[in-house]
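Structure data (TSV, C-alpha atoms) from structure_9.tsv:
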```tsv
chain	number	residue	atom	x	y	z
A	1	MET	CA	-3.17	18.27	-29.50
A	2	LYS	CA	-3.69	16.35	-26.26
A	3	LYS	CA	-6.21	13.56	-26.03
A	4	TYR	CA	-7.06	10.71	-23.70
A	5	CYS	CA	-6.32	7.20	-24.76
A	6	PHE	CA	-6.05	3.85	-23.08
A	7	LEU	CA	-2.54	2.47	-22.88
A	8	LEU	CA	-2.71	-1.29	-22.47
A	9	LEU	CA	0.75	-2.01	-21.11
A	10	LEU	CA	0.39	-5.30	-19.28
A	11	PHE	CA	-3.23	-6.33	-18.93
A	12	ILE	CA	-4.36	-9.63	-17.41
A	13	THR	CA	-7.58	-11.48	-18.28
A	14	VAL	CA	-10.74	-9.69	-17.19
A	15	SER	CA	-13.48	-11.88	-15.70
A	16	PHE	CA	-16.81	-11.87	-17.47
A	17	ASP	CA	-19.04	-12.42	-14.46
A	18	SER	CA	-21.64	-9.98	-13.21
A	19	GLN	CA	-19.65	-8.76	-10.20
A	20	LYS	CA	-18.38	-5.22	-10.04
A	21	PRO	CA	-14.75	-5.04	-11.27
A	22	VAL	CA	-12.19	-4.72	-8.49
A	23	ALA	CA	-9.02	-2.67	-8.51
A	24	TYR	CA	-6.57	-5.57	-8.47
A	25	ASP	CA	-6.10	-9.33	-8.71
A	26	ALA	CA	-3.39	-11.93	-8.15
A	27	GLY	CA	-0.40	-11.29	-10.42
A	28	GLU	CA	-0.27	-7.51	-9.91
A	29	TRP	CA	3.25	-6.17	-9.23
A	30	PHE	CA	4.60	-2.65	-8.63
A	31	LYS	CA	8.13	-1.29	-8.35
A	32	PHE	CA	8.89	2.18	-6.96
A	33	ARG	CA	12.08	4.22	-7.15
A	34	ILE	CA	12.74	6.16	-3.94
A	35	HIS	CA	14.56	9.50	-3.91
A	36	TYR	CA	15.94	11.32	-0.89
A	37	GLY	CA	16.42	14.81	-2.28
A	38	PHE	CA	18.53	14.30	-5.43
A	39	ILE	CA	19.83	10.93	-4.26
A	40	ASN	CA	18.51	7.64	-5.60
A	41	ALA	CA	17.99	6.12	-2.16
A	42	GLY	CA	16.37	2.77	-2.88
A	43	PHE	CA	13.49	0.76	-4.26
A	44	ALA	CA	10.25	-0.77	-3.04
A	45	THR	CA	8.15	-3.54	-4.54
A	46	LEU	CA	4.58	-4.61	-3.86
A	47	GLU	CA	2.94	-7.69	-5.32
A	48	ILE	CA	-0.14	-9.79	-4.73
A	49	GLN	CA	-0.38	-13.54	-5.15
A	50	GLU	CA	-2.82	-16.29	-4.32
A	51	ALA	CA	-2.44	-18.57	-1.29
A	52	VAL	CA	-4.50	-20.99	0.80
A	53	LYS	CA	-5.48	-20.38	4.44
A	54	ASN	CA	-8.03	-22.45	6.36
A	55	ASN	CA	-8.67	-24.49	3.21
A	56	LYS	CA	-9.77	-21.48	1.17
A	57	LYS	CA	-8.06	-19.33	-1.43
A	58	VAL	CA	-6.91	-15.95	-0.13
A	59	TYR	CA	-4.74	-13.07	-1.31
A	60	HIS	CA	-1.10	-12.95	-0.24
A	61	ALA	CA	0.41	-9.47	-0.56
A	62	ILE	CA	4.15	-8.92	-0.18
A	63	GLY	CA	5.84	-5.54	0.22
A	64	LYS	CA	9.61	-5.06	0.27
A	65	GLY	CA	11.76	-1.96	0.65
A	66	TYR	CA	15.53	-1.58	0.56
A	67	THR	CA	18.20	1.08	0.24
A	68	VAL	CA	20.91	1.02	-2.45
A	69	GLY	CA	24.32	2.60	-3.11
A	70	MET	CA	25.62	5.20	-0.69
A	71	SER	CA	22.24	5.38	1.01
A	72	ARG	CA	22.71	1.78	2.11
A	73	PHE	CA	26.14	2.67	3.51
A	74	PHE	CA	24.72	5.49	5.64
A	75	PHE	CA	21.34	3.96	6.52
A	76	LYS	CA	20.67	0.33	5.66
A	77	VAL	CA	17.02	-0.62	5.15
A	78	ASP	CA	15.74	-4.12	4.46
A	79	ASP	CA	12.00	-4.33	5.15
A	80	THR	CA	9.48	-7.06	4.37
A	81	TYR	CA	5.76	-6.78	5.07
A	82	GLU	CA	3.28	-9.52	4.18
A	83	SER	CA	-0.45	-9.98	4.58
A	84	TYR	CA	-2.84	-12.86	3.94
A	85	PHE	CA	-6.40	-11.55	3.60
A	86	ASP	CA	-9.83	-12.71	2.48
A	87	LYS	CA	-10.73	-12.26	-1.17
A	88	VAL	CA	-14.27	-11.10	-0.41
A	89	THR	CA	-14.23	-9.37	2.98
A	90	ASN	CA	-10.59	-8.17	2.86
A	91	LYS	CA	-10.24	-9.27	6.52
A	92	PRO	CA	-6.64	-10.29	7.26
A	93	TYR	CA	-5.82	-13.77	8.51
A	94	GLN	CA	-2.11	-13.28	9.08
A	95	PHE	CA	0.63	-10.67	8.69
A	96	VAL	CA	4.43	-10.72	8.67
A	97	ARG	CA	6.66	-7.81	9.66
A	98	LYS	CA	10.39	-8.33	9.28
A	99	ILE	CA	12.38	-5.09	9.23
A	100	ASP	CA	15.92	-3.78	9.60
A	101	GLU	CA	16.10	0.01	9.54
A	102	GLY	CA	19.53	1.30	10.48
A	103	GLY	CA	19.87	-1.42	13.11
A	104	TYR	CA	16.30	-1.10	14.41
A	105	THR	CA	14.87	-4.57	13.84
A	106	LYS	CA	11.57	-6.41	14.22
A	107	ASN	CA	10.61	-9.96	13.36
A	108	GLN	CA	6.94	-10.62	14.03
A	109	GLU	CA	3.93	-12.54	12.80
A	110	GLY	CA	0.34	-11.79	13.64
A	111	PHE	CA	-2.54	-14.29	13.52
A	112	PHE	CA	-6.06	-12.84	13.49
A	113	ASN	CA	-9.15	-14.44	14.97
A	114	GLN	CA	-11.71	-12.12	13.42
A	115	ASP	CA	-14.65	-13.95	15.03
A	116	ALA	CA	-13.25	-13.33	18.51
A	117	ASN	CA	-11.72	-9.92	17.64
A	118	LYS	CA	-8.27	-11.05	18.77
A	119	VAL	CA	-4.80	-11.12	17.26
A	120	LEU	CA	-1.93	-13.32	18.44
A	121	ILE	CA	1.48	-11.68	17.98
A	122	LYS	CA	4.52	-13.93	17.83
A	123	ASP	CA	7.70	-11.91	18.37
A	124	TYR	CA	10.58	-14.06	17.14
A	125	LYS	CA	13.25	-11.52	18.08
A	126	ASN	CA	12.20	-11.33	21.72
A	127	LYS	CA	10.78	-14.88	21.81
A	128	THR	CA	7.41	-13.78	23.16
A	129	GLU	CA	3.74	-14.34	22.34
A	130	LYS	CA	0.94	-11.98	23.25
A	131	THR	CA	-2.75	-11.71	22.39
A	132	PHE	CA	-4.39	-8.33	21.81
A	133	SER	CA	-8.04	-7.35	21.53
A	134	VAL	CA	-8.92	-5.66	18.24
A	135	THR	CA	-11.98	-4.02	16.74
A	136	GLU	CA	-14.34	-5.69	14.31
A	137	ASN	CA	-13.13	-5.65	10.68
A	138	VAL	CA	-9.65	-4.47	11.72
A	139	GLN	CA	-6.97	-4.40	9.01
A	140	ASP	CA	-3.19	-4.76	9.08
A	141	ILE	CA	-0.89	-2.25	7.41
A	142	ILE	CA	-0.76	-4.06	4.03
A	143	SER	CA	-4.38	-5.20	3.86
A	144	THR	CA	-5.40	-1.58	4.56
A	145	PHE	CA	-3.83	-0.52	1.26
A	146	TYR	CA	-5.88	-3.04	-0.73
A	147	PHE	CA	-9.04	-2.36	1.29
A	148	LEU	CA	-8.85	1.34	0.41
A	149	ARG	CA	-8.28	0.67	-3.29
A	150	ASN	CA	-11.62	-1.16	-3.36
A	151	TYR	CA	-13.46	1.26	-1.07
A	152	PRO	CA	-16.94	1.50	-2.67
A	153	THR	CA	-17.33	5.30	-2.55
A	154	ILE	CA	-13.71	6.29	-3.13
A	155	ASP	CA	-14.64	8.00	-6.43
A	156	LYS	CA	-17.44	10.00	-4.80
A	157	LEU	CA	-15.44	11.64	-2.03
A	158	LYS	CA	-15.57	15.43	-1.89
A	159	VAL	CA	-12.48	17.53	-1.22
A	160	GLY	CA	-11.78	17.47	2.51
A	161	GLU	CA	-13.72	14.27	3.18
A	162	SER	CA	-11.95	11.29	4.73
A	163	VAL	CA	-12.08	7.51	4.94
A	164	VAL	CA	-11.28	6.00	8.35
A	165	VAL	CA	-10.05	2.43	8.82
A	166	ASP	CA	-9.18	0.55	12.01
A	167	MET	CA	-5.58	-0.65	11.50
A	168	PHE	CA	-3.52	-2.83	13.85
A	169	PHE	CA	0.11	-1.71	14.00
A	170	ASP	CA	2.81	-1.82	16.70
A	171	ASP	CA	0.54	-3.66	19.14
A	172	GLU	CA	-2.26	-1.08	18.89
A	173	VAL	CA	-5.38	-0.35	16.87
A	174	TYR	CA	-5.12	3.01	15.11
A	175	LYS	CA	-7.83	5.05	13.45
A	176	PHE	CA	-6.08	5.34	10.09
A	177	LYS	CA	-7.50	8.39	8.35
A	178	LEU	CA	-7.15	9.09	4.63
A	179	LYS	CA	-8.20	12.57	3.52
A	180	PHE	CA	-9.11	13.40	-0.09
A	181	ILE	CA	-7.28	16.53	-1.29
A	182	GLY	CA	-8.36	16.82	-4.92
A	183	ARG	CA	-7.47	15.76	-8.47
A	184	GLU	CA	-4.43	16.54	-10.60
A	185	ASN	CA	-2.75	15.39	-13.81
A	186	ILE	CA	0.87	14.38	-13.12
A	187	LYS	CA	3.71	13.44	-15.46
A	188	THR	CA	5.00	9.90	-15.11
A	189	LYS	CA	7.41	7.79	-17.17
A	190	PHE	CA	4.32	6.19	-18.72
A	191	GLY	CA	2.63	9.45	-19.76
A	192	THR	CA	0.53	12.12	-18.05
A	193	ALA	CA	-1.93	10.43	-15.73
A	194	PRO	CA	-5.12	11.78	-14.11
A	195	THR	CA	-4.81	11.21	-10.37
A	196	MET	CA	-6.67	11.51	-7.09
A	197	ILE	CA	-4.63	13.06	-4.27
A	198	PHE	CA	-4.86	11.75	-0.71
A	199	ARG	CA	-3.19	12.69	2.54
A	200	PRO	CA	-2.93	9.93	5.15
A	201	LEU	CA	-2.83	11.08	8.76
A	202	VAL	CA	0.47	9.81	10.18
A	203	GLN	CA	2.16	10.05	13.55
A	204	SER	CA	4.42	13.06	13.86
A	205	GLY	CA	7.69	12.94	15.73
A	206	ARG	CA	10.19	10.12	15.17
A	207	VAL	CA	9.92	9.89	11.37
A	208	PHE	CA	7.43	12.37	9.95
A	209	LYS	CA	7.56	16.13	10.41
A	210	GLU	CA	3.81	16.65	10.92
A	211	GLU	CA	0.61	14.59	10.95
A	212	GLU	CA	-0.13	15.60	7.33
A	213	SER	CA	3.43	15.13	6.05
A	214	LEU	CA	2.54	12.34	3.61
A	215	THR	CA	0.84	12.85	0.23
A	216	VAL	CA	-0.18	10.08	-2.17
A	217	TRP	CA	-1.23	10.31	-5.83
A	218	ILE	CA	-3.27	7.35	-7.13
A	219	SER	CA	-4.48	6.73	-10.67
A	220	ASP	CA	-7.97	8.10	-11.26
A	221	ASP	CA	-9.15	4.91	-12.98
A	222	GLU	CA	-10.39	1.49	-11.90
A	223	ASN	CA	-6.91	0.36	-10.81
A	224	LYS	CA	-6.50	2.99	-8.09
A	225	MET	CA	-2.77	2.29	-8.30
A	226	PRO	CA	-0.20	4.44	-6.47
A	227	LEU	CA	1.82	6.58	-8.86
A	228	ARG	CA	3.67	8.96	-6.53
A	229	ILE	CA	4.32	9.43	-2.82
A	230	LYS	CA	5.92	12.44	-1.13
A	231	ALA	CA	6.79	12.76	2.54
A	232	SER	CA	8.27	15.54	4.66
A	233	LEU	CA	10.49	13.80	7.18
A	234	ALA	CA	11.92	15.02	10.46
A	235	VAL	CA	15.09	15.58	8.40
A	236	GLY	CA	14.63	16.31	4.68
A	237	SER	CA	12.01	14.84	2.35
A	238	ILE	CA	11.51	11.68	0.37
A	239	LYS	CA	9.75	10.92	-2.91
A	240	ALA	CA	8.74	7.63	-4.52
A	241	ASP	CA	7.63	7.26	-8.14
A	242	LEU	CA	6.19	4.22	-9.87
A	243	GLU	CA	9.03	2.71	-11.90
A	244	GLY	CA	7.39	-0.40	-13.31
A	245	PHE	CA	4.33	-2.61	-13.08
A	246	LYS	CA	2.67	-5.71	-14.49
A	247	GLY	CA	-0.50	-7.75	-14.11
A	248	LEU	CA	-2.98	-4.88	-13.86
A	249	LYS	CA	-6.63	-5.83	-13.49
A	250	ASN	CA	-7.83	-2.89	-15.62
A	251	PRO	CA	-6.45	-0.62	-18.37
A	252	PHE	CA	-4.10	2.13	-17.18
A	253	MET	CA	-5.44	5.47	-18.44
A	254	VAL	CA	-2.84	8.07	-19.41
A	255	LYS	CA	-2.79	11.25	-21.43
A	256	LEU	CA	-0.42	11.18	-24.40
A	257	GLU	CA	0.89	14.11	-26.42
A	258	LYS	CA	1.20	14.10	-30.17
```
Let me see the file written as structure tokens.
Amino acid sequence: MKKYCFLLLLFITVSFDSQKPVAYDAGEWFKFRIHYGFINAGFATLEIQEAVKNNKKVYHAIGKGYTVGMSRFFFKVDDTYESYFDKVTNKPYQFVRKIDEGGYTKNQEGFFNQDANKVLIKDYKNKTEKTFSVTENVQDIISTFYFLRNYPTIDKLKVGESVVVDMFFDDEVYKFKLKFIGRENIKTKFGTAPTMIFRPLVQSGRVFKEEESLTVWISDDENKMPLRIKASLAVGSIKADLEGFKGLKNPFMVKLEK
């Protein structure tokens, strides 16, 4: 007989204040295994730490992705994305983008002035600096992920409804759109987990096959943690599954079988 239970795998201290619980806190760490078809193509990690910017404590999120084995021989990937963002407002102060994707490289840092709605981009590869105008409450690519996990009405979305976030990426502000598809129980290495399914609107062409080529499954609990990602690429498809985690803010809810 199937029943729901709470699996406390690695659970950090829960605060006892009166604030609404958030989806994450410093110390959280994820590792994903990436498959290209039947090939184990690589891994990605995402962690969040604490740092100090402008004499105040902020979150420092670090995402890394890399290919392994034969995949690295055919297409080497070494990517690092970082973001420093406010603990309360989620507004980013600074981002880092250092990538090497099959010889395509970038080495940039961005410094936000949220009061003036500006961002200064330092391009270390091309030795240039440029300031761009941005919208109010703009996010970077990493801070967007954490902003959406704490989105106040994420649990109340109806099928077909979307959340839209202004995101600065590649010297432009994009209207990043995340559409809610529905709910589904999926099998993971940790058990069968209830999930919410989302489809981010991505740019078609160079990498993705269509605008709705990417599908994300997140845990339908207070963590809102990514459990699976599938993408239809211009050539083939890719899948990423959560391989390991630690430092969760809340219990991870899974369905176990007797």
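One distance worth recording is that between CA of Ala61 (chain A) and CA of Ile142 (chain A), which is 7.2 Å.
With only C-alpha atoms as the atoms that count, the minimum distance from Asp25 (chain A) to the choices A:Asn126, A:Thr67, A:Asn150, A:Asn54 is reached by A:Asn150.
Comparing A:Asp166, A:Glu109, A:Asp155, A:Asp171 by their smallest distance to Ile218 (chain A), the closest is A:Asp155 (using only C-alpha atoms).
Among the candidate residues A:Tyr84, A:Phe198, A:Phe245, A:Phe180, the one lying nearest to Phe30 (chain A) is A:Phe245, with distances computed using all atoms listed in the file.
Distance annotation: of A:Glu50, A:Asp78, A:Glu129, A:Asp123, the residue with the minimal separation from Tyr104 (chain A) is A:Asp78; atom set is all atoms listed in the file.
Counting only C-alpha atoms, the residue from A:Leu242, A:Asn137, A:Ile154, A:Phe176 that sits nearest to Asp221 (chain A) is A:Ile154.
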>> Neighbouring residues of Asp241 (chain A) were defined as those with any atom within 7 Å, considering all atoms listed in the file; residues of the same chain fewer than 5 positions away were excluded. Please report them as a PyMOL selection string.
In response: chain A and resi 32-34+227-229
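With CA of Asn55 (chain A) on one side and CA of Tyr81 (chain A) on the other, the separation reads 22.9 Å.
The space separating CA of Val254 (chain A) from CA of Ile48 (chain A) comes to 23.3 Å.
Close contacts of Met167 (chain A), defined as residues with an atom at most 8 Å away when counting all atoms listed in the file, with chain neighbours fewer than 2 positions off set aside, comprise Val138, Gln139, Asp140, Ile141, Thr144, Val165, Phe169, Val173, Tyr174, Lys175 and Phe176 of chain A.
You can rank A:Tyr24, A:Phe132, A:Tyr151, A:Phe190 by their closest distance to Lys87 (chain A) using all atoms listed in the file, and at the top of that list sits A:Tyr24.
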Enclose all atoms of region 118-123 of chain A listed in the file in an axis-aligned box, grow every side by 6 Å, and hand back centre and edge lengths in Å to one decimal, as lines of an AutoDock Vina configuration file.
```
center_x = -0.3
center_y = -12.5
center_z = 18.0
size_x = 28.0
size_y = 14.9
size_z = 13.5
```
>> If we count all atoms listed in the file and set the cut-off at 12 Å, which residues sit around Met225 (chain A), ignoring sequence neighbours fewer than 2 positions away in its own chain? Please answer as a PyMOL selection string.
In response: chain A and resi 22-24+28-32+46-47+145-146+148-150+193-197+216-223+227-229+241-242+244-253
Go ahead and save the picked residues with C-alpha atoms, as a JSON list (two decimals), keeping the file's coordinate frame.
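In the end it all went to result.json:
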```
[["chain", "number", "residue", "atom", "x", "y", "z"],
["A", 22, "VAL", "CA", -12.19, -4.72, -8.49],
["A", 23, "ALA", "CA", -9.02, -2.67, -8.51],
["A", 24, "TYR", "CA", -6.57, -5.57, -8.47],
["A", 28, "GLU", "CA", -0.27, -7.51, -9.91],
["A", 29, "TRP", "CA", 3.25, -6.17, -9.23],
["A", 30, "PHE", "CA", 4.60, -2.65, -8.63],
["A", 31, "LYS", "CA", 8.13, -1.29, -8.35],
["A", 32, "PHE", "CA", 8.89, 2.18, -6.96],
["A", 46, "LEU", "CA", 4.58, -4.61, -3.86],
["A", 47, "GLU", "CA", 2.94, -7.69, -5.32],
["A", 145, "PHE", "CA", -3.83, -0.52, 1.26],
["A", 146, "TYR", "CA", -5.88, -3.04, -0.73],
["A", 148, "LEU", "CA", -8.85, 1.34, 0.41],
["A", 149, "ARG", "CA", -8.28, 0.67, -3.29],
["A", 150, "ASN", "CA", -11.62, -1.16, -3.36],
["A", 193, "ALA", "CA", -1.93, 10.43, -15.73],
["A", 194, "PRO", "CA", -5.12, 11.78, -14.11],
["A", 195, "THR", "CA", -4.81, 11.21, -10.37],
["A", 196, "MET", "CA", -6.67, 11.51, -7.09],
["A", 197, "ILE", "CA", -4.63, 13.06, -4.27],
["A", 216, "VAL", "CA", -0.18, 10.08, -2.17],
["A", 217, "TRP", "CA", -1.23, 10.31, -5.83],
["A", 218, "ILE", "CA", -3.27, 7.35, -7.13],
["A", 219, "SER", "CA", -4.48, 6.73, -10.67],
["A", 220, "ASP", "CA", -7.97, 8.10, -11.26],
["A", 221, "ASP", "CA", -9.15, 4.91, -12.98],
["A", 222, "GLU", "CA", -10.39, 1.49, -11.90],
["A", 223, "ASN", "CA", -6.91, 0.36, -10.81],
["A", 227, "LEU", "CA", 1.82, 6.58, -8.86],
["A", 228, "ARG", "CA", 3.67, 8.96, -6.53],
["A", 229, "ILE", "CA", 4.32, 9.43, -2.82],
["A", 241, "ASP", "CA", 7.63, 7.26, -8.14],
["A", 242, "LEU", "CA", 6.19, 4.22, -9.87],
["A", 244, "GLY", "CA", 7.39, -0.40, -13.31],
["A", 245, "PHE", "CA", 4.33, -2.61, -13.08],
["A", 246, "LYS", "CA", 2.67, -5.71, -14.49],
["A", 247, "GLY", "CA", -0.50, -7.75, -14.11],
["A", 248, "LEU", "CA", -2.98, -4.88, -13.86],
["A", 249, "LYS", "CA", -6.63, -5.83, -13.49],
["A", 250, "ASN", "CA", -7.83, -2.89, -15.62],
["A", 251, "PRO", "CA", -6.45, -0.62, -18.37],
["A", 252, "PHE", "CA", -4.10, 2.13, -17.18],
["A", 253, "MET", "CA", -5.44, 5.47, -18.44]]
```
>> Which polymer residues, whether protein, DNA or RNA, lie within 8 Å of the coordinate (16.3, -4.3, -6.2) when you count only C-alpha atoms? List them as a list in words, using the chain letters and numbers from the file.
In response: Gly42, Phe43, Ala44, Tyr66 and Val68 of chain A
Scan for residues within 6 Å of the point (11.7, -4.3, 4.7) in the coordinates of the file, using only C-alpha atoms, and reply as a short mmCIF file (atom, residue, chain, number, x, y, z; two decimals) with C-alpha atoms, in the coordinates of the input.
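As written to disk, point.cif reads:
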```cif
data_model
loop_
_atom_site.label_atom_id
_atom_site.label_comp_id
_atom_site.auth_asym_id
_atom_site.auth_seq_id
_atom_site.Cartn_x
_atom_site.Cartn_y
_atom_site.Cartn_z
CA LYS A 64 9.61 -5.06 0.27
CA GLY A 65 11.76 -1.96 0.65
CA ASP A 78 15.74 -4.12 4.46
CA ASP A 79 12.00 -4.33 5.15
CA THR A 80 9.48 -7.06 4.37
CA ILE A 99 12.38 -5.09 9.23
#
```
